[in-house]
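A.B. asks: Contents of structure_4.txt (compact mmCIF, C-alpha atoms and all ligand atoms) are below:
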# COMPACT_ATOMS: atom_id res chain seq x y z
CA MET A 1 -8.77 6.41 41.31
CA ASP A 2 -6.76 5.12 44.22
CA ALA A 3 -4.05 2.70 43.01
CA ASP A 4 -5.34 -0.02 45.35
CA GLU A 5 -8.94 0.43 44.48
CA SER A 6 -10.44 -2.48 42.66
CA LEU A 7 -11.96 -1.98 39.25
CA ILE A 8 -14.21 -4.13 37.08
CA ALA A 9 -13.62 -4.06 33.33
CA LEU A 10 -16.67 -5.27 31.46
CA ILE A 11 -15.63 -6.54 28.07
CA TYR A 12 -18.02 -7.24 25.24
CA ASN A 13 -18.11 -7.30 21.48
CA GLN A 14 -19.25 -4.29 19.51
CA GLU A 15 -19.77 -5.49 15.96
CA ASP A 16 -20.70 -3.24 13.09
CA GLU A 17 -20.57 -5.46 10.05
CA LEU A 18 -21.01 -9.00 8.85
CA THR A 19 -18.36 -11.05 7.14
CA LYS A 20 -20.67 -13.91 6.11
CA GLY A 21 -24.18 -15.30 6.44
CA GLU A 22 -27.53 -13.53 6.17
CA SER A 23 -27.91 -9.78 6.68
CA GLN A 24 -30.35 -10.27 9.57
CA ASP A 25 -27.63 -12.13 11.57
CA LEU A 26 -26.36 -8.73 12.70
CA ILE A 27 -29.35 -8.34 15.06
CA ALA A 28 -28.12 -11.25 17.19
CA MET A 29 -24.48 -10.17 17.03
CA GLN A 30 -25.24 -6.64 18.12
CA TYR A 31 -27.43 -7.80 20.97
CA THR A 32 -24.35 -8.24 23.16
CA ILE A 33 -23.97 -4.43 23.15
CA LYS A 34 -27.40 -4.14 24.74
CA THR A 35 -26.66 -6.93 27.21
CA ALA A 36 -23.44 -5.13 28.17
CA THR A 37 -25.37 -2.03 29.20
CA TYR A 38 -27.63 -4.14 31.44
CA VAL A 39 -24.65 -5.82 33.11
CA TYR A 40 -22.81 -2.49 33.38
CA ASP A 41 -25.79 -0.81 35.07
CA ALA A 42 -26.11 -3.74 37.49
CA LEU A 43 -22.40 -3.60 38.40
CA CYS A 44 -22.67 0.14 39.04
CA ARG A 45 -25.78 -0.30 41.20
CA LEU A 46 -23.90 -2.98 43.14
CA GLY A 47 -21.26 -0.38 43.93
CA TYR A 48 -18.42 -1.70 41.74
CA GLN A 49 -16.35 0.88 39.99
CA THR A 50 -16.78 -0.32 36.42
CA VAL A 51 -15.45 0.53 32.98
CA MET A 52 -16.71 -0.83 29.67
CA VAL A 53 -14.08 -1.98 27.22
CA PRO A 54 -15.51 -3.01 23.84
CA VAL A 55 -13.83 -5.48 21.53
CA LYS A 56 -14.18 -4.14 18.01
CA ASN A 57 -12.42 -5.59 14.99
CA ASN A 58 -8.90 -5.37 16.18
CA LEU A 59 -7.38 -7.27 19.06
CA GLN A 60 -4.32 -5.01 19.42
CA GLU A 61 -6.52 -1.95 19.72
CA PHE A 62 -8.54 -3.73 22.40
CA ALA A 63 -5.39 -4.77 24.30
CA ARG A 64 -4.21 -1.15 24.23
CA GLU A 65 -7.49 0.11 25.61
CA LEU A 66 -7.61 -2.51 28.35
CA GLY A 67 -3.95 -1.82 29.11
CA GLN A 68 -4.95 1.50 30.69
CA TYR A 69 -6.14 -0.59 33.63
CA SER A 70 -3.66 -2.66 35.58
CA PRO A 71 -4.28 -6.42 35.93
CA HIS A 72 -3.30 -6.02 39.60
CA ASN A 73 -6.46 -4.20 40.52
CA THR A 74 -8.73 -4.87 37.54
CA PHE A 75 -10.97 -7.91 37.42
CA VAL A 76 -12.55 -8.63 34.04
CA PHE A 77 -16.22 -9.45 33.55
CA ASN A 78 -16.17 -11.12 30.16
CA ILE A 79 -19.27 -11.34 27.97
CA CYS A 80 -17.48 -11.19 24.62
CA ASP A 81 -18.90 -14.04 22.55
CA GLY A 82 -16.76 -13.51 19.44
CA PHE A 83 -15.80 -10.44 17.45
CA ALA A 84 -15.32 -9.17 13.91
CA GLY A 85 -18.32 -11.23 12.80
CA ASP A 86 -16.71 -14.45 13.95
CA ASN A 87 -18.15 -16.41 16.87
CA PHE A 88 -15.19 -18.82 16.82
CA SER A 89 -12.86 -15.92 17.70
CA ALA A 90 -14.38 -15.78 21.23
CA SER A 91 -11.57 -17.88 22.73
CA LEU A 92 -8.97 -15.29 21.70
CA ILE A 93 -10.27 -13.04 24.48
CA PRO A 94 -9.65 -15.32 27.50
CA GLN A 95 -6.39 -16.28 25.79
CA LEU A 96 -5.29 -12.65 25.61
CA LEU A 97 -6.52 -11.92 29.15
CA ASN A 98 -4.50 -14.84 30.41
CA ASP A 99 -1.40 -13.74 28.49
CA LEU A 100 -1.72 -10.21 29.89
CA GLY A 101 -2.28 -11.47 33.44
CA TYR A 102 -5.93 -10.44 33.90
CA LYS A 103 -8.23 -12.58 36.03
CA HIS A 104 -11.71 -12.90 34.60
CA THR A 105 -15.18 -14.39 34.93
CA GLY A 106 -16.07 -17.51 33.01
CA SER A 107 -14.25 -20.18 31.14
CA THR A 108 -10.69 -20.50 29.88
CA ALA A 109 -9.70 -20.11 26.24
CA ARG A 110 -9.45 -23.86 25.92
CA ALA A 111 -13.03 -24.45 27.07
CA VAL A 112 -14.37 -21.58 24.95
CA ARG A 113 -12.60 -22.99 21.87
CA LEU A 114 -14.25 -26.33 22.50
CA CYS A 115 -17.74 -24.87 22.99
CA THR A 116 -17.54 -22.67 19.88
CA ASP A 117 -16.83 -25.73 17.77
CA LYS A 118 -19.95 -27.88 17.78
CA ALA A 119 -18.09 -30.76 16.12
CA ARG A 120 -15.37 -30.90 18.78
CA SER A 121 -17.96 -30.43 21.53
CA LYS A 122 -19.81 -33.48 20.27
CA GLN A 123 -16.63 -35.51 20.17
CA ARG A 124 -15.92 -34.58 23.78
CA LEU A 125 -19.48 -35.38 24.92
CA VAL A 126 -19.31 -38.80 23.29
CA LYS A 127 -15.92 -39.47 24.87
CA GLU A 128 -17.23 -38.52 28.32
CA GLY A 129 -20.36 -40.64 27.91
CA VAL A 130 -22.81 -37.69 27.86
CA PRO A 131 -25.82 -38.47 25.64
CA THR A 132 -25.92 -36.36 22.46
CA PRO A 133 -27.67 -37.00 19.13
CA ALA A 134 -25.94 -39.05 16.40
CA TYR A 135 -24.04 -36.79 14.01
CA GLN A 136 -21.73 -36.27 11.07
CA VAL A 137 -19.56 -33.31 10.11
CA PHE A 138 -19.25 -32.19 6.51
CA LYS A 139 -16.52 -29.85 5.36
CA LYS A 140 -17.72 -30.03 1.78
CA PRO A 141 -21.13 -30.73 0.29
CA ALA A 142 -22.27 -34.07 1.61
CA ARG A 143 -21.50 -37.43 0.12
CA SER A 144 -22.55 -40.46 2.10
CA VAL A 145 -25.29 -39.76 4.61
CA LYS A 146 -25.28 -41.99 7.68
CA THR A 147 -27.15 -39.78 10.17
CA PRO A 148 -30.71 -40.97 10.87
CA LEU A 149 -33.41 -38.77 9.34
CA PRO A 150 -34.97 -36.35 10.02
CA ALA A 151 -31.80 -34.42 10.75
CA ILE A 152 -30.90 -30.82 11.52
CA VAL A 153 -28.02 -29.06 9.77
CA LYS A 154 -26.14 -26.33 11.68
CA PRO A 155 -23.00 -24.29 11.10
CA VAL A 156 -20.30 -25.64 13.48
CA HIS A 157 -19.10 -22.26 14.74
CA GLU A 158 -22.27 -20.18 15.19
CA ASP A 159 -24.65 -19.63 18.08
CA ALA A 160 -27.93 -17.76 18.67
CA SER A 161 -29.51 -20.02 15.99
CA ILE A 162 -27.55 -18.22 13.29
CA GLY A 163 -27.81 -20.30 10.12
CA ILE A 164 -30.85 -22.17 11.47
CA ASP A 165 -34.20 -21.61 9.78
CA GLU A 166 -37.07 -23.99 9.00
CA LYS A 167 -35.10 -25.48 6.12
CA ALA A 168 -32.38 -26.59 8.57
CA VAL A 169 -34.49 -29.66 9.36
CA VAL A 170 -34.22 -32.13 6.50
CA THR A 171 -36.15 -35.32 5.84
CA SER A 172 -34.30 -36.77 2.83
CA ALA A 173 -30.69 -37.28 1.77
CA MET A 174 -31.27 -34.86 -1.11
CA GLU A 175 -32.48 -32.06 1.18
CA LEU A 176 -29.61 -32.78 3.54
CA ILE A 177 -27.02 -32.43 0.80
CA GLU A 178 -28.56 -29.15 -0.35
CA ARG A 179 -28.60 -27.76 3.16
CA VAL A 180 -24.98 -28.73 3.83
CA ASP A 181 -24.12 -26.95 0.61
CA TYR A 182 -25.93 -23.82 1.86
CA VAL A 183 -24.20 -23.81 5.27
CA VAL A 184 -20.72 -24.47 3.86
CA SER A 185 -21.00 -21.79 1.17
CA GLU A 186 -23.01 -19.14 3.04
CA TYR A 187 -21.31 -19.46 6.42
CA ASP A 188 -17.89 -20.47 5.16
CA GLN A 189 -17.43 -23.28 7.70
CA PRO A 190 -18.20 -26.98 8.13
CA ALA A 191 -21.77 -28.14 8.73
CA LEU A 192 -22.82 -30.32 11.64
CA VAL A 193 -25.58 -32.74 10.70
CA GLU A 194 -27.35 -34.11 13.74
CA GLU A 195 -30.26 -36.47 14.23
CA PHE A 196 -33.32 -34.29 14.87
CA ILE A 197 -34.71 -35.21 18.27
CA THR A 198 -38.47 -34.78 18.27
CA GLY A 199 -39.54 -34.16 21.82
CA ARG A 200 -39.31 -31.58 24.56
CA GLU A 201 -36.61 -28.94 24.79
CA PHE A 202 -35.05 -27.76 28.03
CA ALA A 203 -32.52 -25.09 28.92
CA VAL A 204 -30.53 -25.79 32.06
CA SER A 205 -28.77 -22.82 33.62
CA MET A 206 -26.24 -23.46 36.35
CA TRP A 207 -23.43 -21.89 38.26
CA GLY A 208 -20.65 -22.93 40.58
CA ASN A 209 -17.24 -24.51 40.54
CA GLY A 210 -16.91 -28.05 41.77
CA THR A 211 -20.36 -28.50 43.28
CA MET A 212 -22.82 -27.11 40.77
CA ASP A 213 -25.94 -25.23 41.65
CA VAL A 214 -28.54 -25.97 38.99
CA MET A 215 -31.34 -23.46 38.59
CA PRO A 216 -34.97 -24.25 37.79
CA ILE A 217 -35.15 -25.91 34.37
CA ALA A 218 -36.84 -23.94 31.58
CA GLU A 219 -38.87 -25.56 28.82
CA HIS A 220 -39.52 -24.17 25.35
CA ASP A 221 -43.22 -24.65 24.69
CA PHE A 222 -43.84 -25.34 21.00
CA SER A 223 -47.56 -26.10 21.36
CA ALA A 224 -48.38 -23.21 18.98
CA THR A 225 -47.44 -25.54 16.13
CA SER A 226 -48.73 -29.07 15.62
CA ASP A 227 -45.79 -30.00 13.39
CA PRO A 228 -43.00 -31.71 15.36
CA LEU A 229 -40.53 -30.83 12.59
CA LYS A 230 -41.23 -27.13 13.18
CA SER A 231 -40.95 -27.44 16.95
CA PHE A 232 -37.49 -25.97 17.39
CA LEU A 233 -35.77 -22.61 17.82
CA THR A 234 -34.94 -20.98 14.52
CA TYR A 235 -33.13 -17.67 14.15
CA GLU A 236 -36.49 -16.05 13.52
CA SER A 237 -37.99 -17.41 16.74
CA LYS A 238 -35.16 -15.84 18.75
CA TRP A 239 -34.67 -12.53 16.97
CA VAL A 240 -37.39 -11.50 14.50
CA GLU A 241 -39.94 -9.72 16.66
CA ASP A 242 -42.85 -9.74 14.21
CA SER A 243 -42.54 -13.43 13.34
CA PHE A 244 -45.06 -16.09 14.34
CA SER A 245 -42.59 -18.23 16.29
CA TYR A 246 -41.04 -15.26 18.16
CA ASN A 247 -44.48 -14.40 19.47
CA GLU A 248 -46.05 -17.82 19.85
CA PHE A 249 -43.25 -20.02 21.20
CA LYS A 250 -43.22 -19.54 24.95
CA VAL A 251 -40.93 -20.45 27.78
CA VAL A 252 -42.13 -22.21 30.90
CA CYS A 253 -39.89 -21.97 33.95
CA PRO A 254 -39.87 -24.10 36.00
CA ALA A 255 -40.73 -26.90 33.56
CA THR A 256 -43.15 -29.57 34.68
CA LEU A 257 -41.10 -32.68 35.25
CA THR A 258 -41.32 -35.60 37.63
CA PRO A 259 -38.57 -35.61 40.28
CA GLU A 260 -36.92 -38.53 38.44
CA GLU A 261 -37.01 -36.73 35.09
CA GLU A 262 -35.67 -33.57 36.67
CA GLU A 263 -32.84 -35.48 38.29
CA LYS A 264 -31.93 -37.11 34.99
CA VAL A 265 -31.93 -33.83 33.04
CA LYS A 266 -29.84 -32.08 35.71
CA GLU A 267 -27.33 -34.89 35.87
CA VAL A 268 -26.79 -34.88 32.10
CA ALA A 269 -26.51 -31.07 32.05
CA ILE A 270 -23.89 -31.10 34.82
CA GLY A 271 -22.09 -33.88 32.94
CA ALA A 272 -21.91 -31.64 29.85
CA PHE A 273 -20.71 -28.61 31.88
CA ARG A 274 -17.92 -30.71 33.37
CA ALA A 275 -17.04 -32.48 30.11
CA MET A 276 -16.37 -29.07 28.55
CA GLY A 277 -14.37 -27.91 31.56
CA LEU A 278 -16.52 -24.81 32.10
CA ARG A 279 -16.13 -22.43 35.03
CA ASP A 280 -18.48 -20.20 37.03
CA PHE A 281 -21.64 -20.37 34.94
CA GLY A 282 -23.23 -21.78 31.82
CA ARG A 283 -26.39 -22.99 30.14
CA VAL A 284 -26.88 -26.40 28.57
CA ASP A 285 -29.58 -26.96 25.92
CA ILE A 286 -31.23 -30.36 25.89
CA ARG A 287 -33.76 -32.22 23.78
CA TYR A 288 -35.63 -34.93 25.65
CA ARG A 289 -37.00 -38.05 23.97
CA ASP A 290 -38.12 -41.39 25.44
CA GLY A 291 -36.63 -40.61 28.83
CA VAL A 292 -33.21 -39.66 27.43
CA PRO A 293 -31.88 -36.09 27.74
CA TYR A 294 -29.70 -35.40 24.68
CA VAL A 295 -27.26 -32.49 24.93
CA ILE A 296 -27.46 -30.33 21.80
CA ASP A 297 -25.62 -27.15 22.80
CA ILE A 298 -23.38 -25.86 25.57
CA ASN A 299 -23.31 -22.11 26.12
CA GLU A 300 -20.16 -21.06 27.91
CA ILE A 301 -21.23 -17.41 27.91
CA PRO A 302 -25.03 -17.58 27.89
CA ASP A 303 -26.88 -14.39 27.03
CA LEU A 304 -27.06 -12.42 30.31
CA SER A 305 -29.75 -9.95 29.31
CA PRO A 306 -32.72 -9.76 31.70
CA ASP A 307 -35.14 -11.38 29.23
CA ALA A 308 -32.88 -14.32 28.35
CA GLY A 309 -32.84 -17.82 29.81
CA PHE A 310 -30.10 -17.48 32.39
CA ALA A 311 -31.60 -14.43 34.12
CA ARG A 312 -35.08 -15.92 33.93
CA ALA A 313 -33.93 -19.11 35.62
CA SER A 314 -31.99 -17.28 38.31
CA GLU A 315 -34.99 -15.05 38.95
CA THR A 316 -37.14 -18.16 39.42
CA ALA A 317 -34.46 -19.36 41.84
CA GLY A 318 -34.94 -16.13 43.82
CA TYR A 319 -32.10 -13.93 42.57
CA SER A 320 -32.77 -10.42 41.32
CA TYR A 321 -30.91 -9.38 38.16
CA ASP A 322 -28.29 -7.51 40.19
CA GLN A 323 -27.85 -10.48 42.52
CA MET A 324 -27.31 -12.71 39.50
CA VAL A 325 -24.57 -10.43 38.12
CA ASP A 326 -22.98 -10.21 41.56
CA ARG A 327 -23.03 -13.97 42.03
CA ILE A 328 -21.23 -14.63 38.73
CA LEU A 329 -18.57 -12.09 39.61
CA THR A 330 -18.20 -13.35 43.16
CA LEU A 331 -17.88 -16.97 42.03
CA ALA A 332 -15.06 -15.97 39.69
CA MET A 333 -13.35 -13.83 42.31
CA HIS A 334 -13.46 -16.63 44.88
CA ARG A 335 -12.11 -19.12 42.36
CA GLU A 336 -9.20 -16.76 41.70
CA GLY A 337 -8.63 -15.94 45.37
CA TRP A 338 -9.18 -12.26 44.47
CA ARG A 339 -9.03 -10.06 47.52
N1 LIG A 401 -30.52 -32.43 17.37
C1 LIG A 401 -31.53 -31.58 17.49
N2 LIG A 401 -32.79 -32.04 17.59
C2 LIG A 401 -33.84 -31.18 17.68
N3 LIG A 401 -33.71 -29.84 17.68
C3 LIG A 401 -32.47 -29.33 17.60
C4 LIG A 401 -31.31 -30.16 17.51
N4 LIG A 401 -30.24 -29.36 17.43
C5 LIG A 401 -30.68 -28.10 17.48
N5 LIG A 401 -32.03 -28.07 17.56
C6 LIG A 401 -32.88 -26.87 17.62
O1 LIG A 401 -32.17 -25.77 17.08
C7 LIG A 401 -31.95 -24.78 18.12
C8 LIG A 401 -30.57 -24.16 17.95
O2 LIG A 401 -29.59 -25.18 17.98
P1 LIG A 401 -28.35 -25.11 18.97
O3 LIG A 401 -27.55 -26.33 18.73
O4 LIG A 401 -28.80 -24.84 20.35
O5 LIG A 401 -27.54 -23.88 18.36
P2 LIG A 401 -27.22 -22.41 18.86
O6 LIG A 401 -25.82 -22.50 19.33
O7 LIG A 401 -27.36 -21.58 17.63
O8 LIG A 401 -28.17 -22.07 19.97
C9 LIG A 401 -32.14 -25.52 19.42
O9 LIG A 401 -32.53 -24.64 20.47
C10 LIG A 401 -33.23 -26.53 19.07
O10 LIG A 401 -34.52 -25.94 19.09
MG MG A 402 -28.62 -23.17 21.72
Is it possible to express this structure as structure tokens?
Ligand SMILES: Nc1ncnc2c1ncn2[C@@H]1O[C@H](COP(=O)(O)OP(=O)(O)O)[C@@H](O)[C@H]1O
Ligand SMILES: [Mg+2]

C.D. replies:
Amino acid sequence: MDADESLIALIYNQEDELTKGESQDLIAMQYTIKTATYVYDALCRLGYQTVMVPVKNNLQEFARELGQYSPHNTFVFNICDGFAGDNFSASLIPQLLNDLGYKHTGSTARAVRLCTDKARSKQRLVKEGVPTPAYQVFKKPARSVKTPLPAIVKPVHEDASIGIDEKAVVTSAMELIERVDYVVSEYDQPALVEEFITGREFAVSMWGNGTMDVMPIAEHDFSATSDPLKSFLTYESKWVEDSFSYNEFKVVCPATLTPEEEEKVKEVAIGAFRAMGLRDFGRVDIRYRDGVPYVIDINEIPDLSPDAGFARASETAGYSYDQMVDRILTLAMHREGWR
């Protein structure tokens, strides 16, 4: 390669074992490997000279491998959402890239740290006046329960609905205490208990820096069940291909909303993106009840596979998969003043 020629290093996590949780959680963790091949193929088709650099269990080993490529002509496309079985470790990657002088797509270590801690994210949303459901955080099995019931109990540092099954929604203090106990012991981290918002669920994908470009809003259609307490996205509904909810819960994009509702949902989603200090792209998950969009989750590196929400929304907005990948990269390059 010519010394001046620009290179893209696609970095992603390649996980081979679990350190906690349920054995099936590995399906979600290993999905990033598949996503990486889609993004890699798109970058190659777009004409970028691209190398794949996996993050395995060891950060030094990763730094050595990346070190073969100079930060002066290598721009990093980062889709590493944690490594060594630990989602919360995701921020160590932008931190390391920054320390080594690499420019990269997506958010800074600080923003990633915030987003991979649901408790701190909530604190920030509340501080910035972005609507989010009432909550409590439990580091140990629960004592005094103040959160309105029904509630949902989630591990603070996971994503992809890891640790969320039908028992995550609790309707009594007793159930809540039991579920907190499960999350704390099985996932080895605090539990976030949040008021369960019965109502519609939207995913809002957006990109930009400064002025945000919000893509068509997607809605999760739970009409296959008549039970509002089962109308939510469990691990099974996202990852277990032969399950009822995986097959019967559908996505509608664009969602049917009045212009006023759409405006409200977009405004809250942009508010969440900004409150977290995200860059380039992201997806905000919202539950909608009585005219109020409540932010439940902010995805700083949303799943970029062709069948996931971000690509679906950008396709509805008129971007092919390759154009989507190119736009994310170009936004980051412009932000960095990359030649
Ligand atoms: N407060 C809530 N009210 C209703 N449903 C919720 C709430 N929090 C989470 N859920 C459901 O659980 C799913 C996963 O929760 P989320 O916070 O998005 O975690 P993850 O980071 O694992 O995606 C959501 O897509 C939604 O269906
Ligand atoms: Mg989510």

A.B. asks: Identify, on the basis of all atoms listed in the file, every residue whose closest approach to stretch 90-106 of chain A does not exceed 10 Å; exclude the query and any residue fewer than 2 positions from it along the same chain; express the result as a compact mmCIF listing (two decimals) with C-alpha atoms, keeping the file's coordinate frame.

C.D. replies:
# COMPACT_ATOMS: atom_id res chain seq x y z
CA ILE A 8 -14.21 -4.13 37.08
CA ALA A 9 -13.62 -4.06 33.33
CA LEU A 10 -16.67 -5.27 31.46
CA ILE A 11 -15.63 -6.54 28.07
CA TYR A 12 -18.02 -7.24 25.24
CA ASN A 13 -18.11 -7.30 21.48
CA VAL A 55 -13.83 -5.48 21.53
CA LEU A 59 -7.38 -7.27 19.06
CA GLN A 60 -4.32 -5.01 19.42
CA PHE A 62 -8.54 -3.73 22.40
CA ALA A 63 -5.39 -4.77 24.30
CA LEU A 66 -7.61 -2.51 28.35
CA GLY A 67 -3.95 -1.82 29.11
CA TYR A 69 -6.14 -0.59 33.63
CA SER A 70 -3.66 -2.66 35.58
CA PRO A 71 -4.28 -6.42 35.93
CA HIS A 72 -3.30 -6.02 39.60
CA ASN A 73 -6.46 -4.20 40.52
CA THR A 74 -8.73 -4.87 37.54
CA PHE A 75 -10.97 -7.91 37.42
CA VAL A 76 -12.55 -8.63 34.04
CA PHE A 77 -16.22 -9.45 33.55
CA ASN A 78 -16.17 -11.12 30.16
CA ILE A 79 -19.27 -11.34 27.97
CA CYS A 80 -17.48 -11.19 24.62
CA ASP A 81 -18.90 -14.04 22.55
CA GLY A 82 -16.76 -13.51 19.44
CA PHE A 83 -15.80 -10.44 17.45
CA ALA A 84 -15.32 -9.17 13.91
CA ASP A 86 -16.71 -14.45 13.95
CA ASN A 87 -18.15 -16.41 16.87
CA PHE A 88 -15.19 -18.82 16.82
CA THR A 108 -10.69 -20.50 29.88
CA ALA A 109 -9.70 -20.11 26.24
CA ARG A 110 -9.45 -23.86 25.92
CA ALA A 111 -13.03 -24.45 27.07
CA VAL A 112 -14.37 -21.58 24.95
CA ARG A 113 -12.60 -22.99 21.87
CA LEU A 114 -14.25 -26.33 22.50
CA CYS A 115 -17.74 -24.87 22.99
CA THR A 116 -17.54 -22.67 19.88
CA LEU A 278 -16.52 -24.81 32.10
CA ARG A 279 -16.13 -22.43 35.03
CA ASP A 280 -18.48 -20.20 37.03
CA PHE A 281 -21.64 -20.37 34.94
CA GLY A 282 -23.23 -21.78 31.82
CA GLU A 300 -20.16 -21.06 27.91
CA ILE A 301 -21.23 -17.41 27.91
CA ILE A 328 -21.23 -14.63 38.73
CA LEU A 329 -18.57 -12.09 39.61
CA THR A 330 -18.20 -13.35 43.16
CA LEU A 331 -17.88 -16.97 42.03
CA ALA A 332 -15.06 -15.97 39.69
CA MET A 333 -13.35 -13.83 42.31
CA ARG A 335 -12.11 -19.12 42.36
CA GLU A 336 -9.20 -16.76 41.70
CA GLY A 337 -8.63 -15.94 45.37
CA TRP A 338 -9.18 -12.26 44.47

A.B. asks: Using all atoms listed in the file, tabulate the residues of chain A lying at most 7 Å from any atom of ligand LIG 401 (chain A), each with its closest atom pair and that distance in Å to one decimal, by chain and increasing residue number, as a Markdown table.

C.D. replies:
| residue | atom | partner | partner_atom | distance |
| --- | --- | --- | --- | --- |
| A:Pro133 | CA | A:LIG401 | N1 | 5.7 |
| A:Ile152 | CA | A:LIG401 | C4 | 6.0 |
| A:Glu158 | CA | A:LIG401 | O7 | 5.8 |
| A:Asp159 | CA | A:LIG401 | O6 | 3.3 |
| A:Ala160 | CA | A:LIG401 | O7 | 4.0 |
| A:Ser161 | CA | A:LIG401 | O7 | 3.1 |
| A:Ile162 | CA | A:LIG401 | O7 | 5.5 |
| A:Ile164 | CA | A:LIG401 | C8 | 6.8 |
| A:Glu194 | CA | A:LIG401 | N1 | 5.1 |
| A:Glu195 | CA | A:LIG401 | N1 | 5.1 |
| A:Phe196 | CA | A:LIG401 | N2 | 3.6 |
| A:Ile197 | CA | A:LIG401 | N2 | 3.8 |
| A:Thr198 | CA | A:LIG401 | C2 | 5.9 |
| A:Glu201 | CA | A:LIG401 | O10 | 6.8 |
| A:Ser231 | CA | A:LIG401 | O10 | 6.9 |
| A:Phe232 | CA | A:LIG401 | O10 | 3.4 |
| A:Leu233 | CA | A:LIG401 | O10 | 3.8 |
| A:Thr234 | CA | A:LIG401 | C7 | 6.0 |
| A:Asp285 | CA | A:LIG401 | O4 | 6.0 |
| A:Arg287 | CA | A:LIG401 | C2 | 6.2 |
| A:Ile296 | CA | A:LIG401 | O3 | 5.0 |
| A:Asp297 | CA | A:LIG401 | O3 | 4.6 |

A.B. asks: Generate the output file for the selected residues, C-alpha atoms, as an mmCIF file, in the coordinates of the input.

C.D. replies:
data_model
loop_
_atom_site.group_PDB
_atom_site.id
_atom_site.type_symbol
_atom_site.label_atom_id
_atom_site.label_comp_id
_atom_site.auth_asym_id
_atom_site.auth_seq_id
_atom_site.Cartn_x
_atom_site.Cartn_y
_atom_site.Cartn_z
ATOM 1 C CA PRO A 133 -27.670 -37.000 19.130
ATOM 2 C CA ILE A 152 -30.900 -30.820 11.520
ATOM 3 C CA GLU A 158 -22.270 -20.180 15.190
ATOM 4 C CA ASP A 159 -24.650 -19.630 18.080
ATOM 5 C CA ALA A 160 -27.930 -17.760 18.670
ATOM 6 C CA SER A 161 -29.510 -20.020 15.990
ATOM 7 C CA ILE A 162 -27.550 -18.220 13.290
ATOM 8 C CA ILE A 164 -30.850 -22.170 11.470
ATOM 9 C CA GLU A 194 -27.350 -34.110 13.740
ATOM 10 C CA GLU A 195 -30.260 -36.470 14.230
ATOM 11 C CA PHE A 196 -33.320 -34.290 14.870
ATOM 12 C CA ILE A 197 -34.710 -35.210 18.270
ATOM 13 C CA THR A 198 -38.470 -34.780 18.270
ATOM 14 C CA GLU A 201 -36.610 -28.940 24.790
ATOM 15 C CA SER A 231 -40.950 -27.440 16.950
ATOM 16 C CA PHE A 232 -37.490 -25.970 17.390
ATOM 17 C CA LEU A 233 -35.770 -22.610 17.820
ATOM 18 C CA THR A 234 -34.940 -20.980 14.520
ATOM 19 C CA ASP A 285 -29.580 -26.960 25.920
ATOM 20 C CA ARG A 287 -33.760 -32.220 23.780
ATOM 21 C CA ILE A 296 -27.460 -30.330 21.800
ATOM 22 C CA ASP A 297 -25.620 -27.150 22.800
#

A.B. asks: For A:Asp165, which residue among A:Asp25, A:Lys122, A:Glu262, A:Lys250 is the nearest when counting only C-alpha atoms?

C.D. replies: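 For A:Asp165, the nearest of the candidates is A:Asp25.
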
A.B. asks: Just checking: using only C-alpha atoms and all ligand atoms, which residue out of A:Phe202, A:Val252, A:Ala269, A:Ala313 ends up closest to ligand MG 402 (chain A)?

C.D. replies: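 Between A:Phe202, A:Val252, A:Ala269, A:Ala313, the residue approaching ligand MG 402 (chain A) most closely is A:Phe202.
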
A.B. asks: Rank A:Tyr48, A:Ala42, A:Ile270, A:Glu65 by their smallest atom-to-atom distance to A:Leu7, using only C-alpha atoms, and report the top residue only.

C.D. replies: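 For A:Leu7, the nearest of the given residues is A:Tyr48.
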
A.B. asks: For ligand MG 402 (chain A), which of A:Arg143, A:Lys20, A:Lys167, A:His220 is the closest residue, counting all atoms listed in the file?

C.D. replies: A:His220

A.B. asks: I'd like to know which of A:Thr35, A:Asn299, A:Asn209, A:Gln24 is closest to ligand MG 402 (chain A), using all atoms listed in the file.

C.D. replies: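 Nearest candidate to ligand MG 402 (chain A) out of A:Thr35, A:Asn299, A:Asn209, A:Gln24: A:Asn299.
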
A.B. asks: Return the single residue from A:Gly309, A:Pro131, A:Gly21, A:Pro148 that is closest to ligand MG 402 (chain A), with distances computed using only C-alpha atoms and all ligand atoms.

C.D. replies: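 Smallest distance to ligand MG 402 (chain A) is found for A:Gly309.
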
A.B. asks: If you measure from atom CA of A:Asp221 to atom CA of A:Pro254, what distance in Å do you get, rounded to one decimal?

C.D. replies: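 We find that atom CA of A:Asp221 and atom CA of A:Pro254 lie 11.8 Å from each other.
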
A.B. asks: Could you work out how far atom CA of A:Gly85 lies from atom CA of A:Met29, giving the answer in Å with one decimal?

C.D. replies: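 Taking atom CA of A:Met29 as the start and atom CA of A:Gly85 as the end point, the length is 7.5 Å.
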
A.B. asks: Distance atom CA of A:Arg283-atom CA of A:Ile33, one decimal place?

C.D. replies: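 Separating atom CA of A:Arg283 from atom CA of A:Ile33 is a distance of 20.0 Å.
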
A.B. asks: Pick out the residues sitting within 12 Å of A:Gly129, and hand them over as a PyMOL selection string; count all atoms listed in the file, and ignore anything fewer than 6 positions along from it in its own chain.

C.D. replies: chain A and resi 122-123+268+271-272+274-275+294-295

A.B. asks: May I have the residues within 8 Å of stretch 170-182 of chain A as a PyMOL selection string, using all atoms listed in the file and disregarding those fewer than 5 positions away in the same chain?

C.D. replies: chain A and resi 138+140-143+145+149-153+187+191+193
